[in-house]
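Dumped final09.csv below, it's CSV, C-alpha atoms:
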chain,number,residue,atom,x,y,z
A,1,MET,CA,-1.9,23.1,-15.2
A,2,ASP,CA,-3.0,23.2,-11.6
A,3,GLY,CA,-5.6,20.8,-10.1
A,4,ILE,CA,-6.4,17.4,-8.6
A,5,LEU,CA,-6.9,14.4,-10.8
A,6,ASN,CA,-8.8,11.4,-9.5
A,7,ILE,CA,-7.0,8.5,-11.1
A,8,ARG,CA,-8.2,4.9,-10.9
A,9,LYS,CA,-5.0,3.0,-10.0
A,10,GLU,CA,-4.9,-0.5,-11.4
A,11,LYS,CA,-3.2,-3.5,-9.9
A,12,GLY,CA,0.4,-3.7,-10.8
A,13,PHE,CA,1.3,0.0,-10.6
A,14,THR,CA,2.8,1.8,-7.7
A,15,SER,CA,1.6,5.2,-6.7
A,16,HIS,CA,5.0,6.5,-7.9
A,17,ASP,CA,4.4,4.8,-11.3
A,18,VAL,CA,1.1,6.8,-11.6
A,19,VAL,CA,2.9,10.1,-10.8
A,20,ALA,CA,5.6,9.3,-13.4
A,21,ILE,CA,2.9,8.7,-16.1
A,22,VAL,CA,1.1,11.9,-15.2
A,23,ARG,CA,4.3,13.9,-15.3
A,24,LYS,CA,5.1,12.5,-18.7
A,25,ILE,CA,1.6,13.1,-20.2
A,26,LEU,CA,1.3,16.6,-18.7
A,27,GLN,CA,5.0,17.4,-19.3
A,28,THR,CA,5.4,18.9,-15.8
A,29,LYS,CA,7.5,18.0,-12.8
A,30,LYS,CA,5.2,19.4,-10.1
A,31,VAL,CA,3.1,16.3,-9.6
A,32,GLY,CA,2.4,14.3,-6.4
A,33,HIS,CA,0.2,11.6,-5.0
A,34,THR,CA,-1.9,11.8,-1.8
A,35,GLY,CA,-1.0,8.5,-0.2
A,36,THR,CA,0.8,5.4,-1.1
A,37,LEU,CA,-1.1,2.4,-2.6
A,38,ASP,CA,0.8,-0.8,-2.8
A,39,PRO,CA,1.1,-2.4,-6.3
A,40,ASP,CA,-1.6,-5.0,-5.4
A,41,ALA,CA,-4.1,-2.2,-4.4
A,42,GLU,CA,-6.7,-0.9,-6.8
A,43,GLY,CA,-8.7,2.3,-6.3
A,44,VAL,CA,-8.9,6.0,-6.6
A,45,LEU,CA,-5.5,7.8,-6.2
A,46,PRO,CA,-5.9,11.6,-6.1
A,47,ILE,CA,-3.0,13.2,-8.0
A,48,CYS,CA,-2.1,16.8,-7.3
A,49,VAL,CA,-0.7,18.9,-10.1
A,50,GLY,CA,1.0,22.3,-10.0
A,51,LYS,CA,-0.1,24.6,-7.2
A,52,ALA,CA,-2.5,21.9,-6.0
A,53,THR,CA,0.5,19.9,-4.7
A,54,LYS,CA,0.3,22.3,-1.7
A,55,LEU,CA,-3.0,20.6,-0.8
A,56,SER,CA,-1.6,17.0,-0.6
A,57,ASP,CA,-1.0,17.1,3.2
A,58,ILE,CA,-4.5,18.3,3.9
A,59,ILE,CA,-6.0,15.6,1.6
A,60,MET,CA,-3.9,12.9,3.3
A,61,GLN,CA,-5.3,13.9,6.7
A,62,GLY,CA,-8.8,13.4,5.5
A,63,LYS,CA,-11.0,10.3,6.0
A,64,LYS,CA,-10.4,7.3,3.9
A,65,GLN,CA,-12.4,4.2,3.2
A,66,TYR,CA,-11.2,0.8,2.1
A,67,LEU,CA,-13.0,-2.2,0.7
A,68,ALA,CA,-11.0,-5.4,1.0
A,69,VAL,CA,-11.3,-9.0,-0.2
A,70,VAL,CA,-9.4,-11.2,2.2
A,71,ARG,CA,-8.4,-14.8,2.1
A,72,LEU,CA,-8.2,-16.3,5.6
A,73,GLY,CA,-6.0,-19.1,6.8
A,74,ILE,CA,-2.8,-18.4,4.9
A,75,ALA,CA,0.5,-16.9,5.8
A,76,THR,CA,2.8,-15.7,3.0
A,77,THR,CA,6.4,-14.6,2.6
A,78,THR,CA,5.3,-11.0,2.0
A,79,GLU,CA,2.4,-10.9,4.4
A,80,ASP,CA,0.0,-10.2,1.5
A,81,ALA,CA,-1.6,-12.1,-1.4
A,82,SER,CA,1.4,-11.7,-3.7
A,83,GLY,CA,3.8,-13.8,-1.6
A,84,ASP,CA,4.5,-17.5,-1.6
A,85,VAL,CA,2.3,-19.4,0.8
A,86,LEU,CA,4.2,-20.5,3.9
A,87,GLU,CA,1.4,-22.0,5.8
A,88,GLU,CA,-2.3,-22.9,5.5
A,89,LYS,CA,-4.7,-23.4,8.3
A,90,GLU,CA,-8.3,-24.4,8.3
A,91,VAL,CA,-10.6,-21.5,9.2
A,92,VAL,CA,-13.6,-22.1,11.4
A,93,PHE,CA,-16.2,-19.4,10.8
A,94,ASP,CA,-17.7,-18.1,14.0
A,95,GLU,CA,-19.8,-15.1,13.4
A,96,ASN,CA,-19.2,-13.5,16.8
A,97,ASN,CA,-15.5,-14.0,16.5
A,98,ILE,CA,-15.4,-12.4,13.1
A,99,GLU,CA,-17.5,-9.4,14.2
A,100,ASN,CA,-15.3,-8.8,17.3
A,101,THR,CA,-12.2,-9.1,15.2
A,102,VAL,CA,-13.4,-6.7,12.5
A,103,LYS,CA,-14.5,-4.1,15.1
A,104,GLN,CA,-10.8,-3.8,16.1
A,105,PHE,CA,-10.2,-2.2,12.7
A,106,VAL,CA,-12.9,0.4,12.9
A,107,GLY,CA,-12.0,4.0,13.7
A,108,GLU,CA,-8.5,5.4,14.2
A,109,ILE,CA,-5.9,2.7,14.6
A,110,LYS,CA,-2.2,2.5,14.7
A,111,GLN,CA,-1.2,0.3,11.8
A,112,ILE,CA,2.0,-1.7,11.6
A,113,PRO,CA,2.9,-1.9,7.9
A,114,PRO,CA,4.0,-5.3,6.5
A,115,MET,CA,7.7,-5.9,6.1
A,116,TYR,CA,7.3,-5.6,2.3
A,117,SER,CA,5.4,-2.3,2.3
A,118,ALA,CA,6.3,0.8,0.5
A,119,ILE,CA,7.1,2.7,3.7
A,120,LYS,CA,10.5,4.2,4.0
A,121,VAL,CA,13.0,3.2,6.7
A,122,ASN,CA,16.2,5.2,7.0
A,123,GLY,CA,15.5,6.8,3.7
A,124,LYS,CA,15.1,3.5,1.8
A,125,MET,CA,12.0,1.5,0.9
A,126,ASN,CA,11.3,-1.1,3.6
A,127,TRP,CA,10.9,-3.9,1.0
A,128,GLN,CA,14.3,-3.0,-0.5
A,129,GLU,CA,16.0,-3.4,2.8
A,130,LYS,CA,14.3,-6.8,3.4
A,131,GLU,CA,15.4,-8.0,-0.1
A,132,LYS,CA,18.9,-6.8,0.6
A,133,LYS,CA,19.1,-8.7,3.9
A,134,LEU,CA,17.6,-11.8,2.3
A,135,ASN,CA,20.1,-11.7,-0.4
A,136,GLU,CA,23.0,-11.3,2.1
A,137,LYS,CA,21.8,-14.4,4.0
A,138,GLN,CA,21.6,-16.4,0.8
A,139,GLU,CA,25.2,-15.5,-0.1
A,140,LEU,CA,26.5,-16.9,3.2

Show me the file's structure as C-alpha cells.
Amino acid sequence: MDGILNIRKEKGFTSHDVVAIVRKILQTKKVGHTGTLDPDAEGVLPICVGKATKLSDIIMQGKKQYLAVVRLGIATTTEDASGDVLEEKEVVFDENNIENTVKQFVGEIKQIPPMYSAIKVNGKMNWQEKEKKLNEKQEL
C-alpha cells in the first residue's frame, strides 16, 4: 500500500505509537509520520505509507496551524500541563499585553523545545536524558 493517511492522534499516544499501530494493522515496515506530536497533543497526524514516505520531508516543510488551550500563571516540572505544579502566580489580564505577547508567536519563529520534549539530543530523546540526570542526582 502506498499513500498518506490522515490520522487523528488522541492524547496519550506519541507519534511513534501511531506509526507502530499503522505498521501492525497494514503489516508493513515502510511507515513514517510527518512531524512529532507530544503525547499531550491531539490532532491530525499525516502518516506516510510505502512510496509516500518519500514525501514526508516535503510535507514537514509545509504550513502548519495549531489551536491551543493554555493555562496562565503556572510553572510545572515539565514545562507543560502534564507536570507537577512548581509555582502559581496571579494573572492580571491586560488586553494590550496579551495581544502584544501573542503577536510574537505569529509567523516564522525559532522555537526552543521544552526540556521534556521528544526532540533528540546526541541521538537520545531529550526527556530521557533529563530523567537520567534527575535519577543520578537522586542517587547521590

Separating CA of His33 in chain A from CA of Gly83 in chain A, to the nearest tenth of an Å, is a gap of 25.9 Å

Given the choices A:Gln27, A:Lys63, A:Lys51, A:Thr14, which gets closest to Glu108 in chain A if the distance is worked out from all atoms listed in the file? A:Lys63

Selection near Lys64 in chain A, 12 Å with all atoms listed in the file, sequence-local residues under 4 positions removed, as a list of chain:residue names: A:Thr34, A:Gly35, A:Gly43, A:Val44, A:Leu45, A:Pro46, A:Ile59, A:Met60, A:Val106, A:Gly107, A:Glu108

Which residue out of A:Leu55, A:Ile21, A:Ala75, A:Ala81 has the minimum interatomic distance to Ala41 in chain A when all atoms listed in the file are used? A:Ala81

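Rounded to one decimal, CA of Lys124 in chain A and CA of Thr53 in chain A lie 22.9 Å from each other.
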
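Within 12 Å of the point (0.9, -10.3, -2.3) in file coordinates, and counting all atoms listed in the file, lie the residues Lys11, Gly12, Asp38, Pro39, Asp40, Ala41, Val70, Arg71, Ile74, Ala75, Thr76, Thr77, Thr78, Glu79, Asp80, Ala81, Ser82, Gly83, Asp84, Val85, Pro114, Met115, Tyr116 and Ser117 of chain A.
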
Go ahead and dump the residues you just picked, C-alpha atoms, as a compact mmCIF listing (two decimals), keeping the file's coordinate frame.
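Produced file part16.txt, reproduced below:
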# COMPACT_ATOMS: atom_id res chain seq x y z
CA LYS A 11 -3.20 -3.50 -9.90
CA GLY A 12 0.40 -3.70 -10.80
CA ASP A 38 0.80 -0.80 -2.80
CA PRO A 39 1.10 -2.40 -6.30
CA ASP A 40 -1.60 -5.00 -5.40
CA ALA A 41 -4.10 -2.20 -4.40
CA VAL A 70 -9.40 -11.20 2.20
CA ARG A 71 -8.40 -14.80 2.10
CA ILE A 74 -2.80 -18.40 4.90
CA ALA A 75 0.50 -16.90 5.80
CA THR A 76 2.80 -15.70 3.00
CA THR A 77 6.40 -14.60 2.60
CA THR A 78 5.30 -11.00 2.00
CA GLU A 79 2.40 -10.90 4.40
CA ASP A 80 0.00 -10.20 1.50
CA ALA A 81 -1.60 -12.10 -1.40
CA SER A 82 1.40 -11.70 -3.70
CA GLY A 83 3.80 -13.80 -1.60
CA ASP A 84 4.50 -17.50 -1.60
CA VAL A 85 2.30 -19.40 0.80
CA PRO A 114 4.00 -5.30 6.50
CA MET A 115 7.70 -5.90 6.10
CA TYR A 116 7.30 -5.60 2.30
CA SER A 117 5.40 -2.30 2.30

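Closest to Asn6 in chain A among A:Lys120, A:Lys103, A:Gly32, A:Gln65 is A:Gly32, based on all atoms listed in the file.
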
Quick one: distance from CA of Thr36 in chain A to CA of His16 in chain A in Å, one decimal?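 Going from CA of Thr36 in chain A over to CA of His16 in chain A covers 8.1 Å.
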
For the point (1.0, 15.7, -10.2) in file coordinates, what residues are within 8 Å, counting all atoms listed in the file? Give the answer as a PyMOL selection string? chain A and resi 4+19+22-23+28-33+47-50+53

Name the closest residue to Tyr66 in chain A among the candidates A:Asp94, A:Ala52, A:Leu37, A:Leu26; distances are taken between atoms, counting all atoms listed in the file.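 Looking at the shortest contact to Tyr66 in chain A, the residue is A:Leu37.
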